Amino acid sequence: AAAASHEEEKKKKKQQQKGQQQQQQQQKKRKKKTANAMQFAATQRGGPLVALLSWLKSAAHGGDASPLGGATSGVGDDGREERVWDGESAARLVREVVGLESEERVDQNCKILWKLRKTLIEEGLESGAVRSDTINDLEAILVKLRYLLQKDAAQHYRLIAVGPPKPKKKTQRRWQQQQHPKKKTTTKTQQQQQQQQSS
């Protein structure tokens, strides 16, 4: 009888250990799911906004604008250089550079922002009435990019990369002086003085 009760206790302990291991595994799986759910899909250029900003910085300064093709160049009313692409190129930018392949992907990213806001409210870092401007701005950008993925969007939108403003006259003169400094001219008296100092 003692041996039988001892074996039963062993079985109970094994079952308890198995139950604890299963619970730990389930918790790990949940953590992985939540971690993946709170991450934006990234491309080789980085996350959606980082990729978009780096591309705009390059394109606006006349640099590499791949994977988009040639653009029509011009000058705006304020004298700043502009590069203009059609709506199809704008949609391609959203898909290939930003990494938002479809409207469903944009909706998933918006849900991530909503979860983030809910977490901030639960942690007491944000109230239900006063919303974070950063999250609002991100959501607004995603919604605007979503329009470019809709059907017939190419007919209604264009992509315009505007260059930096031209420097004012004073700063332009300084810049020219820095790029092309004047050569120093020495008079005969200065040359004599230099020879005397060297001797």
# chains A, B, ... in the order shown; residues from 1 in each chain; ligands from 1
>>> select_by_dssp(residues="range 42-156 of chain A", states="alpha helix (DSSP H)", output="JSON, numbers by chain")
{"A": [48, 49, 50, 51, 52, 53, 54, 55, 56, 57, 58, 59, 60, 87, 88, 89, 90, 91, 92, 103, 104, 105, 106, 107, 108, 109, 110, 111, 112, 113, 114, 115, 116, 117, 118, 119, 120, 121, 122, 133, 134, 135, 136, 137, 138, 139, 140, 141, 142, 143, 144, 145, 146, 147, 148]}
>>> residues_around(residues="range 89-105 of chain A", least_positions_apart="6", cutoff="6 Å", atoms="only C-alpha atoms", output="list in words")
Thr43, Pro48, Ala51, Leu52, Arg146, Leu148, Leu149 and Leu159 of chain A
>>> write_last_selection(atoms="N, CA, C and O atoms", output="short mmCIF file (atom, residue, chain, number, x, y, z; two decimals), in the first residue's frame")
data_model
loop_
_atom_site.label_atom_id
_atom_site.label_comp_id
_atom_site.auth_asym_id
_atom_site.auth_seq_id
_atom_site.Cartn_x
_atom_site.Cartn_y
_atom_site.Cartn_z
N THR A 43 11.16 46.79 -44.62
CA THR A 43 11.84 46.41 -45.85
C THR A 43 13.35 46.53 -45.63
O THR A 43 13.81 46.76 -44.52
N PRO A 48 8.48 51.54 -42.14
CA PRO A 48 7.76 52.34 -43.14
C PRO A 48 8.15 53.81 -43.17
O PRO A 48 8.48 54.35 -44.23
N ALA A 51 11.96 54.43 -44.02
CA ALA A 51 12.19 54.22 -45.46
C ALA A 51 11.66 55.39 -46.28
O ALA A 51 12.32 55.86 -47.22
N LEU A 52 10.47 55.88 -45.93
CA LEU A 52 9.87 56.98 -46.67
C LEU A 52 10.70 58.26 -46.53
O LEU A 52 10.98 58.97 -47.51
N ARG A 146 -2.73 55.12 -47.65
CA ARG A 146 -3.73 54.11 -48.03
C ARG A 146 -4.50 54.54 -49.27
O ARG A 146 -4.88 53.70 -50.10
N LEU A 148 -3.42 55.99 -51.84
CA LEU A 148 -2.64 55.73 -53.04
C LEU A 148 -2.76 54.28 -53.50
O LEU A 148 -2.43 53.97 -54.65
N LEU A 149 -3.18 53.38 -52.62
CA LEU A 149 -3.30 51.97 -52.97
C LEU A 149 -4.69 51.62 -53.51
O LEU A 149 -4.90 50.49 -53.95
N LEU A 159 3.03 62.44 -57.22
CA LEU A 159 4.09 62.46 -56.21
C LEU A 159 5.05 63.60 -56.55
O LEU A 159 5.62 63.63 -57.63
#
>>> select_by_dssp(residues="range 115-171 of chain A", states="strand (DSSP E)", output="count of residues only")
4
>>> atom_distance(atom1="CA of Ser58 in chain A", atom2="CA of Asn109 in chain A")
25.3 Å
>>> residues_around(residues="Gly70 in chain A", least_positions_apart="2", cutoff="8 Å", atoms="only C-alpha atoms", output="NGL selection string")
:A and (68 or 72 or 85)
>>> residues_around(residues="range 75-81 of chain A", least_positions_apart="6", cutoff="7 Å", atoms="only C-alpha atoms", output="ChimeraX atom specification")
/A:162-166
>>> closest_residue(among="A:Asn136, A:Gly19, A:Lys115, A:Glu88", to="Gln150 in chain A", atoms="only C-alpha atoms")
A:Glu88
>>> atom_distance(atom1="CA of Tyr157 in chain A", atom2="CA of Trp114 in chain A")
27.7 Å
